[in-house]
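S.K.: Please find input13.txt (compact mmCIF, C-alpha atoms and all ligand atoms) on the next line:
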```txt
# COMPACT_ATOMS: atom_id res chain seq x y z
CA MET P 1 -141.43 -189.16 -3.21
CA MET P 2 -137.66 -188.79 -3.72
CA LYS P 3 -135.03 -189.13 -0.99
CA TYR P 4 -131.64 -187.46 -0.76
CA ARG P 5 -128.99 -186.88 1.88
CA ALA P 6 -126.06 -184.52 2.37
CA PRO P 7 -123.31 -184.96 4.96
CA GLY P 8 -121.88 -182.65 7.58
CA ARG P 9 -118.12 -182.10 7.57
CA ILE P 10 -115.13 -181.80 9.76
CA ASN P 11 -112.19 -179.67 8.76
CA ILE P 12 -108.78 -181.20 9.44
CA ILE P 13 -107.12 -177.81 9.25
CA GLY P 14 -107.48 -174.41 7.56
CA GLU P 15 -109.93 -172.60 9.85
CA HIS P 16 -111.18 -169.10 9.05
CA THR P 17 -109.13 -169.09 5.89
CA ASP P 18 -111.88 -169.81 3.35
CA TYR P 19 -113.24 -166.24 3.23
CA ASN P 20 -109.64 -164.99 3.07
CA ASP P 21 -108.72 -166.65 -0.24
CA GLY P 22 -106.90 -169.38 1.67
CA TYR P 23 -106.56 -173.16 1.86
CA VAL P 24 -108.83 -175.63 3.66
CA LEU P 25 -108.79 -179.40 4.14
CA PRO P 26 -112.24 -180.69 5.15
CA PHE P 27 -113.97 -184.01 4.58
CA ALA P 28 -117.58 -185.15 4.77
CA ILE P 29 -118.59 -187.27 7.75
CA ASP P 30 -121.02 -190.11 8.04
CA LYS P 31 -123.73 -187.97 9.63
CA HIS P 32 -126.33 -186.47 7.36
CA ILE P 33 -129.34 -184.30 6.79
CA TYR P 34 -131.94 -186.45 5.03
CA LEU P 35 -134.52 -184.88 2.75
CA ASP P 36 -137.75 -186.43 1.49
CA ILE P 37 -139.23 -184.25 -1.20
CA LYS P 38 -142.47 -184.44 -3.22
CA ASN P 39 -144.72 -182.24 -5.36
CA SER P 40 -147.18 -180.11 -3.47
CA ASP P 41 -149.68 -177.29 -4.05
CA LYS P 42 -147.71 -175.02 -1.71
CA PHE P 43 -144.25 -174.94 -0.21
CA THR P 44 -144.20 -176.91 3.03
CA PHE P 45 -141.26 -177.54 5.33
CA SER P 46 -141.40 -180.11 8.09
CA SER P 47 -138.90 -181.83 10.31
CA LYS P 48 -139.22 -185.28 11.83
CA ASN P 49 -136.79 -184.17 14.55
CA SER P 50 -139.02 -181.39 15.83
CA ASN P 51 -142.54 -182.12 14.51
CA GLU P 52 -142.73 -178.58 13.12
CA LYS P 53 -144.56 -177.79 9.89
CA ILE P 54 -144.34 -174.52 7.97
CA SER P 55 -146.58 -173.83 4.93
CA LEU P 56 -146.03 -170.90 2.59
CA ASN P 57 -147.76 -169.70 -0.56
CA ASN P 58 -145.07 -167.09 -1.13
CA LEU P 59 -141.47 -167.64 -0.15
CA GLN P 60 -140.27 -165.30 2.55
CA LYS P 61 -138.05 -165.32 5.60
CA THR P 62 -139.40 -167.45 8.47
CA ASN P 63 -136.51 -167.10 10.93
CA THR P 64 -136.50 -170.89 11.26
CA TRP P 65 -134.30 -173.67 9.84
CA ALA P 66 -136.57 -173.59 6.74
CA ASP P 67 -134.77 -170.39 5.71
CA TYR P 68 -131.79 -172.45 4.56
CA ILE P 69 -134.04 -174.21 2.03
CA ILE P 70 -135.96 -171.05 1.12
CA GLY P 71 -132.67 -169.22 0.50
CA VAL P 72 -131.60 -172.00 -1.86
CA ILE P 73 -134.89 -171.93 -3.78
CA LEU P 74 -134.62 -168.14 -4.22
CA GLU P 75 -131.01 -168.43 -5.40
CA LEU P 76 -131.95 -171.22 -7.82
CA GLU P 77 -134.77 -169.08 -9.20
CA LYS P 78 -132.26 -166.32 -10.00
CA LYS P 79 -130.39 -168.85 -12.15
CA VAL P 80 -133.09 -170.99 -13.73
CA GLY P 81 -136.44 -169.18 -13.29
CA LYS P 82 -139.53 -170.09 -11.29
CA ILE P 83 -139.34 -173.20 -9.07
CA PRO P 84 -142.71 -174.95 -8.50
CA PRO P 85 -143.81 -175.74 -4.94
CA PHE P 86 -142.61 -178.88 -3.16
CA SER P 87 -143.03 -180.40 0.24
CA PHE P 88 -139.69 -180.75 2.05
CA ASN P 89 -139.49 -183.16 4.96
CA ILE P 90 -136.14 -183.43 6.72
CA HIS P 91 -134.57 -185.48 9.44
CA SER P 92 -131.04 -185.53 10.67
CA ASN P 93 -128.49 -187.42 12.73
CA LEU P 94 -126.07 -184.53 12.41
CA PRO P 95 -125.81 -182.46 15.61
CA ILE P 96 -127.07 -178.89 14.99
CA GLY P 97 -124.95 -175.89 16.00
CA ALA P 98 -121.98 -178.13 16.75
CA GLY P 99 -119.58 -176.70 14.17
CA LEU P 100 -120.23 -179.62 11.79
CA SER P 101 -122.02 -177.65 9.06
CA SER P 102 -125.60 -178.74 9.44
CA SER P 103 -126.69 -175.57 7.64
CA ALA P 104 -124.50 -176.23 4.59
CA ALA P 105 -125.75 -179.84 4.49
CA LEU P 106 -129.34 -178.59 4.44
CA GLU P 107 -128.56 -176.10 1.66
CA VAL P 108 -126.66 -178.63 -0.43
CA VAL P 109 -129.24 -181.40 -0.11
CA SER P 110 -132.02 -178.98 -1.13
CA ALA P 111 -130.12 -177.63 -4.14
CA TYR P 112 -129.12 -181.15 -5.22
CA ALA P 113 -132.66 -182.52 -4.91
CA LEU P 114 -134.24 -179.68 -6.90
CA ASN P 115 -131.53 -179.95 -9.55
CA ASP P 116 -132.22 -183.67 -9.89
CA ILE P 117 -136.03 -183.53 -9.90
CA LEU P 118 -136.22 -180.54 -12.25
CA ASN P 119 -133.38 -181.76 -14.52
CA LEU P 120 -131.52 -178.46 -14.18
CA ASN P 121 -128.14 -180.00 -15.09
CA LEU P 122 -126.15 -177.85 -12.69
CA SER P 123 -122.74 -179.14 -11.58
CA LEU P 124 -121.92 -179.99 -7.96
CA GLU P 125 -119.76 -176.85 -7.80
CA GLU P 126 -122.67 -174.72 -9.03
CA LEU P 127 -125.01 -176.31 -6.48
CA ALA P 128 -122.49 -175.69 -3.69
CA LEU P 129 -122.25 -172.03 -4.75
CA ILE P 130 -126.03 -171.73 -4.70
CA GLY P 131 -125.94 -172.89 -1.06
CA TRP P 132 -123.13 -170.46 -0.35
CA ASN P 133 -125.06 -167.57 -1.90
CA ALA P 134 -128.15 -168.50 0.12
CA GLU P 135 -126.06 -168.43 3.31
CA ASN P 136 -124.48 -165.07 2.45
CA LYS P 137 -127.43 -163.25 0.94
CA PHE P 138 -130.48 -164.76 2.63
CA ILE P 139 -129.20 -165.96 6.01
CA GLY P 140 -126.62 -163.18 6.33
CA LEU P 141 -123.53 -165.18 7.32
CA ASN P 142 -120.61 -163.91 5.23
CA CYS P 143 -119.00 -167.33 5.12
CA GLY P 144 -116.55 -168.89 2.67
CA ILE P 145 -117.18 -171.85 0.38
CA MET P 146 -115.65 -174.63 2.49
CA ASP P 147 -118.76 -176.16 4.03
CA GLN P 148 -120.92 -176.27 0.92
CA TYR P 149 -118.01 -177.61 -1.18
CA ALA P 150 -117.23 -180.29 1.40
CA SER P 151 -120.84 -181.41 1.64
CA ALA P 152 -121.18 -181.52 -2.16
CA LEU P 153 -117.80 -182.79 -3.40
CA SER P 154 -116.26 -185.08 -0.76
CA LYS P 155 -115.33 -188.68 -1.53
CA GLU P 156 -115.01 -191.51 0.98
CA ASN P 157 -111.47 -192.11 2.30
CA HIS P 158 -110.26 -188.73 1.07
CA ALA P 159 -109.89 -185.22 2.36
CA LEU P 160 -110.87 -182.37 0.06
CA PHE P 161 -108.14 -179.80 -0.42
CA ILE P 162 -109.72 -176.55 -1.62
CA ASP P 163 -107.87 -173.48 -2.75
CA THR P 164 -110.64 -170.99 -2.08
CA PHE P 165 -108.89 -168.34 -4.19
CA THR P 166 -109.04 -170.29 -7.45
CA LYS P 167 -111.86 -172.63 -6.24
CA LYS P 168 -109.72 -175.55 -7.49
CA HIS P 169 -110.08 -178.66 -5.40
CA GLU P 170 -108.24 -181.94 -5.12
CA LEU P 171 -108.98 -185.20 -3.31
CA ILE P 172 -106.16 -186.18 -0.96
CA PRO P 173 -106.08 -189.86 0.13
CA LEU P 174 -106.76 -190.11 3.85
CA ASN P 175 -104.82 -192.92 5.47
CA LEU P 176 -104.55 -192.37 9.19
CA LYS P 177 -102.95 -195.74 10.04
CA ASP P 178 -104.09 -196.65 13.57
CA TYR P 179 -105.16 -193.11 14.42
CA ASN P 180 -108.70 -191.75 14.22
CA PHE P 181 -110.46 -188.45 14.35
CA TYR P 182 -113.03 -187.90 17.08
CA ILE P 183 -115.53 -185.12 17.61
CA ILE P 184 -116.29 -183.92 21.12
CA ASN P 185 -119.34 -181.65 21.14
CA SER P 186 -118.87 -179.09 23.90
CA GLY P 187 -122.63 -178.58 24.12
CA VAL P 188 -122.05 -174.81 23.85
CA LYS P 189 -124.07 -173.52 20.89
CA HIS P 190 -122.36 -170.84 18.89
CA GLU P 191 -125.20 -168.34 19.26
CA LEU P 192 -122.99 -165.25 19.25
CA GLY P 193 -121.18 -166.86 16.36
CA ASN P 194 -122.81 -165.22 13.37
CA SER P 195 -122.22 -161.63 14.42
CA GLU P 196 -118.68 -162.33 15.69
CA TYR P 197 -117.97 -164.28 12.50
CA ASN P 198 -118.95 -161.34 10.31
CA ILE P 199 -116.81 -159.07 12.50
CA ARG P 200 -113.78 -161.34 11.88
CA LYS P 201 -114.39 -161.11 8.13
CA LYS P 202 -114.58 -157.32 8.37
CA GLN P 203 -111.36 -157.16 10.40
CA CYS P 204 -109.56 -159.21 7.75
CA ASP P 205 -110.87 -156.95 5.00
CA GLU P 206 -109.57 -153.97 6.99
CA ALA P 207 -106.12 -155.57 7.30
CA LEU P 208 -106.07 -156.05 3.52
CA LYS P 209 -107.09 -152.46 2.97
CA ALA P 210 -104.42 -151.18 5.36
CA LEU P 211 -101.82 -152.97 3.23
CA GLY P 212 -103.36 -151.81 -0.03
CA LYS P 213 -103.86 -155.42 -1.20
CA ASN P 214 -106.80 -157.11 -2.86
CA SER P 215 -106.25 -160.63 -1.60
CA PHE P 216 -104.57 -162.41 1.29
CA ARG P 217 -102.64 -164.32 -1.32
CA GLU P 218 -100.62 -161.18 -2.00
CA ILE P 219 -99.63 -160.72 1.66
CA THR P 220 -96.15 -161.79 2.76
CA TYR P 221 -94.65 -162.12 6.24
CA ASP P 222 -92.79 -158.86 5.55
CA ASP P 223 -96.13 -157.14 4.94
CA LEU P 224 -97.37 -158.45 8.29
CA GLU P 225 -94.80 -156.33 10.09
CA LYS P 226 -96.53 -153.21 8.78
CA LEU P 227 -99.70 -154.18 10.65
CA GLU P 228 -100.44 -153.88 14.31
CA GLY P 229 -103.04 -154.80 16.91
CA ILE P 230 -106.10 -156.73 15.76
CA SER P 231 -105.14 -156.46 12.06
CA TYR P 232 -101.77 -158.06 12.76
CA LYS P 233 -103.25 -160.87 14.85
CA ARG P 234 -105.97 -161.79 12.36
CA ALA P 235 -103.65 -161.64 9.34
CA LYS P 236 -100.92 -163.64 11.07
CA HIS P 237 -103.40 -166.40 11.83
CA VAL P 238 -104.44 -166.57 8.19
CA LEU P 239 -100.88 -166.77 6.86
CA ASP P 240 -99.77 -169.34 9.43
CA GLU P 241 -102.92 -171.42 9.02
CA ASN P 242 -102.51 -171.55 5.24
CA ASN P 243 -98.99 -172.88 5.74
CA ARG P 244 -100.28 -175.45 8.20
CA VAL P 245 -102.74 -176.75 5.57
CA LEU P 246 -99.92 -177.29 3.06
CA LYS P 247 -97.71 -178.89 5.72
CA THR P 248 -100.56 -181.18 6.81
CA ILE P 249 -101.02 -182.42 3.23
CA GLU P 250 -97.28 -183.11 3.10
CA ALA P 251 -97.45 -184.99 6.41
CA LEU P 252 -100.42 -187.04 5.14
CA LYS P 253 -98.44 -187.98 2.04
CA ASN P 254 -95.50 -188.98 4.27
CA ASP P 255 -97.71 -190.97 6.68
CA ASN P 256 -96.52 -188.72 9.52
CA ILE P 257 -99.71 -188.59 11.57
CA GLU P 258 -97.98 -187.45 14.78
CA LEU P 259 -96.86 -184.28 12.98
CA ILE P 260 -100.45 -183.55 11.95
CA GLY P 261 -101.35 -183.68 15.65
CA GLU P 262 -98.79 -180.94 16.37
CA TYR P 263 -100.29 -178.76 13.66
CA LEU P 264 -103.75 -179.24 15.18
CA PHE P 265 -102.57 -178.03 18.59
CA GLU P 266 -100.76 -175.10 16.93
CA SER P 267 -103.90 -174.25 14.97
CA HIS P 268 -105.91 -174.17 18.18
CA GLU P 269 -103.44 -171.84 19.90
CA SER P 270 -103.70 -169.51 16.94
CA LEU P 271 -107.52 -169.65 16.81
CA LYS P 272 -107.60 -168.95 20.54
CA ASN P 273 -105.00 -166.21 20.83
CA LEU P 274 -104.68 -164.58 17.40
CA TYR P 275 -108.09 -165.09 15.84
CA GLU P 276 -109.98 -165.17 19.16
CA VAL P 277 -112.80 -167.50 18.16
CA SER P 278 -112.55 -170.07 20.95
CA CYS P 279 -114.38 -170.07 24.29
CA GLU P 280 -113.66 -171.12 27.86
CA GLU P 281 -115.36 -174.52 27.67
CA ILE P 282 -113.56 -175.53 24.48
CA ASP P 283 -110.20 -174.39 25.88
CA TYR P 284 -110.86 -176.44 29.00
CA ILE P 285 -111.36 -179.55 26.84
CA ILE P 286 -108.21 -178.89 24.78
CA ASP P 287 -106.09 -178.22 27.89
CA ASN P 288 -107.24 -181.53 29.31
CA LEU P 289 -106.27 -183.37 26.16
CA LYS P 290 -102.75 -181.92 25.85
CA ASN P 291 -100.00 -184.56 26.10
CA LYS P 292 -102.66 -187.28 26.16
CA VAL P 293 -103.84 -187.39 22.54
CA THR P 294 -102.02 -186.73 19.25
CA GLY P 295 -103.75 -183.44 18.47
CA ALA P 296 -106.87 -181.37 19.12
CA ARG P 297 -108.39 -178.08 18.11
CA ILE P 298 -111.68 -176.22 17.88
CA VAL P 299 -113.42 -176.94 14.58
CA GLY P 300 -115.75 -174.78 12.44
CA GLY P 301 -116.85 -171.22 12.99
CA GLY P 302 -116.05 -171.21 16.71
CA PHE P 303 -117.51 -169.57 19.85
CA GLY P 304 -118.62 -173.04 20.99
CA GLY P 305 -119.34 -176.10 18.90
CA SER P 306 -116.95 -179.01 18.77
CA VAL P 307 -113.38 -180.08 19.36
CA LEU P 308 -111.69 -182.18 16.70
CA VAL P 309 -109.37 -184.77 18.24
CA LEU P 310 -106.75 -186.90 16.51
CA SER P 311 -105.83 -189.91 18.59
CA LYS P 312 -105.13 -193.61 18.80
CA ASP P 313 -108.23 -195.37 20.11
CA ASP P 314 -106.76 -196.60 23.39
CA GLU P 315 -105.32 -193.17 24.21
CA PHE P 316 -108.66 -191.48 23.59
CA GLU P 317 -110.53 -194.05 25.65
CA LYS P 318 -108.13 -193.49 28.55
CA VAL P 319 -109.01 -189.76 28.78
CA ILE P 320 -112.61 -189.38 27.71
CA ASP P 321 -114.42 -190.75 30.79
CA ASN P 322 -112.51 -188.56 33.18
CA LEU P 323 -112.93 -185.53 30.91
CA LYS P 324 -116.69 -186.15 30.72
CA TYR P 325 -116.89 -186.31 34.48
CA GLU P 326 -114.78 -183.20 35.18
CA TYR P 327 -116.49 -181.16 32.44
CA ASN P 328 -119.92 -182.04 33.77
CA LYS P 329 -118.84 -181.10 37.30
CA LYS P 330 -117.53 -177.73 36.10
CA TYR P 331 -120.08 -176.71 33.44
CA SER P 332 -123.09 -178.99 34.15
CA ILE P 333 -123.03 -180.13 30.51
CA GLU P 334 -122.91 -183.75 29.32
CA ILE P 335 -120.22 -184.03 26.67
CA GLU P 336 -121.19 -186.03 23.61
CA TYR P 337 -118.55 -187.55 21.37
CA PHE P 338 -118.19 -189.88 18.43
CA LYS P 339 -115.50 -191.44 16.29
CA VAL P 340 -115.46 -189.78 12.87
CA LYS P 341 -116.18 -191.91 9.81
CA ASN P 342 -115.69 -190.26 6.46
CA SER P 343 -118.31 -190.31 3.74
CA ASN P 344 -119.22 -189.35 0.20
CA GLY P 345 -120.78 -186.00 -0.58
CA VAL P 346 -124.47 -185.37 -1.33
CA GLU P 347 -126.36 -188.23 -2.98
CA LYS P 348 -129.70 -189.74 -3.82
CA TYR P 349 -130.66 -192.02 -1.01
CA ILE P 350 -132.82 -195.09 -1.36
C1 LIG K 401 -117.99 -171.76 9.26
C2 LIG K 401 -118.17 -171.23 7.85
C3 LIG K 401 -117.04 -171.70 6.93
C4 LIG K 401 -115.67 -171.43 7.55
C5 LIG K 401 -115.61 -171.89 9.00
C6 LIG K 401 -114.34 -171.46 9.68
O1 LIG K 401 -118.11 -173.16 9.27
O2 LIG K 401 -119.40 -171.63 7.32
O3 LIG K 401 -117.17 -171.09 5.67
O4 LIG K 401 -115.34 -170.06 7.45
O5 LIG K 401 -116.70 -171.40 9.76
O6 LIG K 401 -113.24 -172.02 9.07
```
Output the file's structure in the form of structure tokens.
M.R.:
Amino acid sequence: MMKYRAPGRINIIGEHTDYNDGYVLPFAIDKHIYLDIKNSDKFTFSSKNSNEKISLNNLQKTNTWADYIIGVILELEKKVGKIPPFSFNIHSNLPIGAGLSSSAALEVVSAYALNDILNLNLSLEELALIGWNAENKFIGLNCGIMDQYASALSKENHALFIDTFTKKHELIPLNLKDYNFYIINSGVKHELGNSEYNIRKKQCDEALKALGKNSFREITYDDLEKLEGISYKRAKHVLDENNRVLKTIEALKNDNIELIGEYLFESHESLKNLYEVSCEEIDYIIDNLKNKVTGARIVGGGFGGSVLVLSKDDEFEKVIDNLKYEYNKKYSIEIEYFKVKNSNGVEKYI
């Protein structure tokens, strides 16, 4: 039996830009999907977290988490030919549906494991793109490449700057001085997320079309003025958010962590009002954190999931207990949170 693991990710900034040829700045976190894989006479998929077991002679859609692996196998087959059956057993300490990319981690760990066992010699970028294709073509989420790239290519103590237009990426040293990132899981699962997500992508494509452009990289602030309504709001978010990514990298290089906090709050305002991917519970958390921590914003696809917080430890500790209490009183949900530790990308795990 062989063992592998792939991490989830947070995204410092650059949200809903990756399917708009924009910039993103994620990094892998120290929470993983673990995969034990061995030869088998049929494909089997089991999870230690849920005690489920799925057996298939022929690969097809199951409408379960196994689809993320099945999608990867089918994409790999398009590239390298028939894949023999294996037994996939997973377990995870990465919260599911919390905006931390558990699905990309599952895709990346499966692609990486098969590549290793079958000596396919595919690069990490190619494996990430196989996961991305599986998500787009088999699962049906028209996402960008951020999550799969972050899970595959991250390095400890760095953020991964990706230009999703050229697919070039660069490791940016991550020195937060005495600040830390935290994740607060709102407990609201982004169930509506997939359909709303695809609608956002469509609205951005429509904005491009209205301007007669092929890529968001060709759009200027002058062009924006020719748009109105939803098109204007979506496109303005993308342009502003791309600038915030570049400014955040600058601030990281200058050790100006407080400034990064401001960009996080600005990003949230934009995701809430211009891109409209937040939700009441998340906004409640952010409003409660304003003026108390360095920065906070919704992270990931949206419509629930998690809040990313940037804070000094003592400041965070001062607010979290009260927030937990008030949130539970209002929404009857126990908030879960953790301090973010960064991690390497996908790897063999002994
Ligand atoms: C999800 C998608 C990513 C990205 C984010 C929003 O996590 O999988 O590709 O679009 O949403 O930034």
S.K.: Show me which residues line ligand LIG 401 (chain K), defined as having an atom within 6 Å of a ligand atom where all atoms listed in the file count, and present them as a ChimeraX atom specification.
M.R.: /P:15-18,101,143-147,300-301
S.K.: From the list P:Asn185, P:Asp313, P:Asn256, P:Leu114, which residue is nearest Gly97 in chain P when using all atoms listed in the file?
M.R.: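 Checking each candidate against Gly97 in chain P, we get P:Asn185 as the closest.
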S.K.: Nearest to Leu271 in chain P among P:Lys167, P:Arg234, P:Lys177, P:Lys339, with distances taken over only C-alpha atoms: which residue is it?
M.R.: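 Going through P:Lys167, P:Arg234, P:Lys177, P:Lys339 one by one, the smallest distance to Leu271 in chain P is for P:Arg234.
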S.K.: Please give the centre and size of the box around range 154-158 of chain P (axis-aligned, containing every atom listed in the file, 4 Å added per side), with values in Å to one decimal and written as JSON.
M.R.:
```
{"center_x": -113.3, "center_y": -188.6, "center_z": 0.4, "size_x": 14.0, "size_y": 15.0, "size_z": 11.8}
```
S.K.: What's around range 19-21 of chain P at 10 Å? Count only C-alpha atoms, leave out sequence neighbours fewer than 5 positions away in its own chain, and write the answer as a PyMOL selection string.
M.R.: chain P and resi 142-146+163-167+200-201+204-205+208+215-218+235+238-239+242
S.K.: Env of Ser50 in chain P: 12 Å cut, atoms = only C-alpha atoms, seq-sep filter 3 positions within chain, self excluded. Answer as a count of residues only.
M.R.: 11
S.K.: Just checking: using only C-alpha atoms, which residue out of P:Ile13, P:Leu176, P:Ile130, P:Ala207 ends up closest to Leu227 in chain P?
M.R.: P:Ala207
S.K.: Could you work out how far CA of Asn93 in chain P lies from CA of Asp287 in chain P, giving the answer in Å with one decimal?
M.R.: 28.6 Å
S.K.: Take the point (-119.3, -187.8, 31.8) in the file's coordinates, draw a sphere of radius 12 Å around it, and report as a list of chain:residue names every protein, DNA or RNA residue with an atom inside or on it, counting all atoms listed in the file.
M.R.: P:Ile184, P:Ser186, P:Val319, P:Ile320, P:Asp321, P:Asn322, P:Leu323, P:Lys324, P:Tyr325, P:Glu326, P:Tyr327, P:Asn328, P:Lys329, P:Lys330, P:Tyr331, P:Ser332, P:Ile333, P:Glu334, P:Ile335, P:Glu336, P:Tyr337
